[in-house]
Amino acid sequence: MYINATKLQKILKRRTLAFMIVEFVGKGGAGKSTLATSFVKYLENDPAVERVLAIDADHNMHLASALLGDRDVVPYSGALEELINLIGETSCQDYREALLTAERHIAFDVESEFFRKYSVSLGKISLMKCGGHTDDIRADRSCSHSLFTPLKLLLPNLELANGQWVVIDEKAGTDGVGTGVAAGVDLAVVVSEGTAASVATAQQIIQELDYLRVSHILALNKVRSKSQTDRVSERFGRPPDLIFHELEQLAEVEYGVVGPSDHDYQEFTKLVGMSQGFNSSRAIRLQRARSRLVKTE
Ligand SMILES: Nc1ncnc2c1ncn2[C@@H]1O[C@H](COP(=O)(O)OP(=O)(O)OP(=O)(O)O)[C@@H](O)[C@H]1O
Ligand SMILES: [Mg+2]
């Protein structure tokens, strides 16, 4: 679902919704982790934001290393059984059954047992990370996508309060969307560079998001010129919603330390405004995640 400029202006005026699950997706190297990290930092400085849950949904763990520094946290990849017990009465071992029969929501409470175990908090930001490859994956007994299965229970069942945001940094390409983590988000930010390959992957991702019925906006990153933006707009059949210019200093400083420049600041303000046009509702996310399971049966 694409939002046009008129709708965006209306949304920006309304400014009602104050919580949201936003996921950054796109081709490898497009800038998902950079933009997700900057957006987390932008939200941290917004007085209307009470708490940000930053989730690294990439086992290459860029967001985690950008935000955690030397600190560590127990990976959520091992949290499946606890999540099953949190949302259901029975201790069923299968995630599909647990999702289809979930009876309880999960509140984002950093003092709760679950978030004390699986997140680490630094001021307003709480961070969750996934684990690395296991022996089961190495021996082909399970797929590396199973590392993210806990997110497929957590996100659709997460009940957010006002001022709570969740920012997810996805894996490269269509995998995070095609394997279902994206069904549990409110809004996807599709990040693309101006190259033909990056645009083609972004288009594939958009197809998968449409299949899941997840709303998205388009962010063009590393922009060098107006003519490049025009070329990309032509390929997508519409102008990008957010534009981030190529920044020379990004390559020179420690990863994730660069704050939003004045220009980026405007783009993140827009992103918050657009997010406010959507309903962040557990009921909608849960219904989407469930219908994906049923559709693929
Ligand atoms: N606007 C920008 N200007 C200049 N360099 C950028 C910009 N955005 C990102 N980069 C650089 O591009 C590289 C890839 O960025 P990043 O790691 O954020 O991409 P990614 O999409 O998360 O990649 P991956 O698919 O590997 O997770 C990094 O070196 C980063 O510093
Ligand atoms: Mg990344």
# chains A, B, ... in the order shown; residues from 1 in each chain; ligands from 1
call {"tool": "residues_near_ligand", "arguments": {"ligand": "ligand 2", "cutoff": "12 Å", "atoms": "only C-alpha atoms and all ligand atoms", "output": "PyMOL selection string"}}
result
chain A and resi 23-37+55-66+168-173+191+255-256
call {"tool": "select_by_dssp", "arguments": {"residues": "segment 15-215 of chain A", "states": "strand (DSSP E or B)", "output": "tab-separated table (two decimals) with C-alpha atoms, in the first residue's frame"}}
result
chain	number	residue	atom	x	y	z
A	20	MET	CA	4.64	1.75	16.02
A	21	ILE	CA	6.62	-1.29	14.86
A	22	VAL	CA	8.83	-0.20	11.95
A	23	GLU	CA	11.07	-2.57	10.00
A	24	PHE	CA	13.95	-1.61	7.68
A	25	VAL	CA	14.25	-3.95	4.68
A	26	GLY	CA	16.22	-3.84	1.42
A	51	ARG	CA	11.02	3.80	24.99
A	52	VAL	CA	12.49	2.26	21.86
A	53	LEU	CA	12.92	-1.48	21.39
A	54	ALA	CA	15.62	-1.99	18.77
A	55	ILE	CA	15.64	-5.52	17.38
A	56	ASP	CA	18.45	-6.93	15.30
A	57	ALA	CA	16.78	-9.38	12.91
A	106	ILE	CA	2.91	-9.47	25.46
A	107	ALA	CA	3.37	-6.02	26.96
A	120	VAL	CA	19.56	-4.84	27.51
A	121	SER	CA	18.57	-1.23	28.19
A	122	LEU	CA	20.69	1.86	27.72
A	125	ILE	CA	16.74	2.23	24.23
A	126	SER	CA	16.33	-1.50	24.80
A	127	LEU	CA	18.07	-3.86	22.43
A	128	MET	CA	17.42	-7.46	21.45
A	158	LEU	CA	3.25	-7.28	21.21
A	159	GLU	CA	0.89	-4.72	22.72
A	164	GLN	CA	6.69	2.94	22.72
A	165	TRP	CA	8.39	2.24	19.40
A	166	VAL	CA	9.97	-0.88	17.95
A	167	VAL	CA	12.64	-0.59	15.23
A	168	ILE	CA	13.76	-3.73	13.40
A	169	ASP	CA	16.87	-4.09	11.29
A	170	GLU	CA	16.27	-6.90	8.78
A	171	LYS	CA	18.50	-9.26	6.87
A	172	ALA	CA	19.48	-8.49	3.30
A	187	LEU	CA	5.16	-0.45	8.59
A	188	ALA	CA	8.13	-1.50	6.46
A	189	VAL	CA	10.68	1.01	5.22
A	190	VAL	CA	12.04	-0.38	1.96
A	191	VAL	CA	15.59	0.96	1.60
A	192	SER	CA	17.10	1.12	-1.87
A	215	SER	CA	2.14	-1.22	4.34
call {"tool": "atom_distance", "arguments": {"atom1": "atom CA of Glu97 of chain A", "atom2": "atom CA of Ser281 of chain A"}}
result
21.2 Å
call {"tool": "closest_residue", "arguments": {"among": "A:Pro47, A:Cys143, A:Ser38, A:Gly88", "to": "ligand 1", "atoms": "only C-alpha atoms and all ligand atoms"}}
result
A:Ser38
call {"tool": "closest_residue", "arguments": {"among": "A:His245, A:Arg292, A:Arg231, A:Arg116", "to": "ligand 1", "atoms": "only C-alpha atoms and all ligand atoms"}}
result
A:His245
call {"tool": "residues_around", "arguments": {"residues": "Thr174 of chain A", "least_positions_apart": "5", "cutoff": "9 Å", "atoms": "only C-alpha atoms", "output": "list in words"}}
result
Val25, Gly26, Lys27, Thr179, Thr201, Ala202, Gln204, Ile205, Ile206 and Glu208 of chain A
call {"tool": "select_by_dssp", "arguments": {"residues": "segment 176-228 of chain A", "states": "helix (DSSP H, G or I)", "output": "PyMOL selection string"}}
result
chain A and resi 176-178+181-184+196-212+226-228
call {"tool": "write_last_selection", "arguments": {"atoms": "N, CA and C atoms", "output": "short mmCIF file (atom, residue, chain, number, x, y, z; two decimals), in the first residue's frame"}}
result
data_model
loop_
_atom_site.label_atom_id
_atom_site.label_comp_id
_atom_site.auth_asym_id
_atom_site.auth_seq_id
_atom_site.Cartn_x
_atom_site.Cartn_y
_atom_site.Cartn_z
N GLY A 176 13.70 -11.84 5.08
CA GLY A 176 12.96 -11.47 6.28
C GLY A 176 11.47 -11.32 5.99
N VAL A 177 11.17 -10.86 4.78
CA VAL A 177 9.77 -10.63 4.40
C VAL A 177 9.14 -11.97 3.99
N GLY A 178 9.85 -12.70 3.12
CA GLY A 178 9.30 -13.96 2.61
C GLY A 178 9.12 -15.02 3.69
N VAL A 181 8.76 -12.77 9.18
CA VAL A 181 8.94 -11.83 10.30
C VAL A 181 8.14 -10.55 10.03
N ALA A 182 8.15 -10.12 8.77
CA ALA A 182 7.50 -8.85 8.41
C ALA A 182 5.99 -8.86 8.63
N ALA A 183 5.38 -10.04 8.71
CA ALA A 183 3.92 -10.07 8.93
C ALA A 183 3.56 -9.43 10.27
N GLY A 184 4.52 -9.36 11.18
CA GLY A 184 4.24 -8.82 12.51
C GLY A 184 4.61 -7.36 12.68
N ALA A 196 20.49 -0.33 -10.32
CA ALA A 196 19.43 -1.17 -10.88
C ALA A 196 19.21 -2.41 -10.02
N ALA A 197 20.30 -3.00 -9.49
CA ALA A 197 20.17 -4.23 -8.70
C ALA A 197 19.43 -3.96 -7.40
N SER A 198 19.74 -2.83 -6.77
CA SER A 198 19.09 -2.50 -5.50
C SER A 198 17.60 -2.23 -5.70
N VAL A 199 17.29 -1.53 -6.79
CA VAL A 199 15.89 -1.22 -7.11
C VAL A 199 15.13 -2.52 -7.40
N ALA A 200 15.77 -3.44 -8.15
CA ALA A 200 15.09 -4.70 -8.49
C ALA A 200 14.77 -5.50 -7.22
N THR A 201 15.72 -5.56 -6.29
CA THR A 201 15.44 -6.28 -5.03
C THR A 201 14.34 -5.58 -4.25
N ALA A 202 14.39 -4.24 -4.21
CA ALA A 202 13.35 -3.50 -3.49
C ALA A 202 11.98 -3.83 -4.08
N GLN A 203 11.91 -3.96 -5.40
CA GLN A 203 10.62 -4.28 -6.03
C GLN A 203 10.13 -5.68 -5.64
N GLN A 204 11.09 -6.62 -5.56
CA GLN A 204 10.72 -7.98 -5.13
C GLN A 204 10.21 -7.95 -3.69
N ILE A 205 10.88 -7.17 -2.86
CA ILE A 205 10.47 -7.06 -1.44
C ILE A 205 9.06 -6.48 -1.35
N ILE A 206 8.80 -5.47 -2.17
CA ILE A 206 7.48 -4.83 -2.15
C ILE A 206 6.39 -5.84 -2.54
N GLN A 207 6.72 -6.70 -3.50
CA GLN A 207 5.74 -7.75 -3.88
C GLN A 207 5.41 -8.65 -2.69
N GLU A 208 6.46 -9.02 -1.95
CA GLU A 208 6.26 -9.89 -0.78
C GLU A 208 5.46 -9.15 0.30
N LEU A 209 5.74 -7.85 0.48
CA LEU A 209 5.01 -7.07 1.49
C LEU A 209 3.54 -6.97 1.11
N ASP A 210 3.28 -6.79 -0.18
CA ASP A 210 1.90 -6.71 -0.65
C ASP A 210 1.18 -8.04 -0.40
N TYR A 211 1.92 -9.13 -0.63
CA TYR A 211 1.34 -10.45 -0.38
C TYR A 211 0.91 -10.58 1.09
N LEU A 212 1.77 -10.05 1.98
CA LEU A 212 1.45 -10.12 3.42
C LEU A 212 0.46 -9.05 3.85
N LYS A 226 20.00 14.74 -8.36
CA LYS A 226 18.56 14.80 -8.66
C LYS A 226 18.24 13.87 -9.83
N SER A 227 19.16 13.79 -10.81
CA SER A 227 18.85 12.95 -11.98
C SER A 227 18.78 11.48 -11.57
N GLN A 228 19.61 11.12 -10.58
CA GLN A 228 19.54 9.73 -10.10
C GLN A 228 18.16 9.47 -9.45
#
call {"tool": "closest_residue", "arguments": {"among": "A:Ser119, A:Val49, A:Pro156, A:Asn85", "to": "Val73 of chain A", "atoms": "only C-alpha atoms"}}
result
A:Ser119
call {"tool": "closest_residue", "arguments": {"among": "A:Leu151, A:Val223, A:Ala283, A:Leu247", "to": "ligand 1", "atoms": "only C-alpha atoms and all ligand atoms"}}
result
A:Leu247
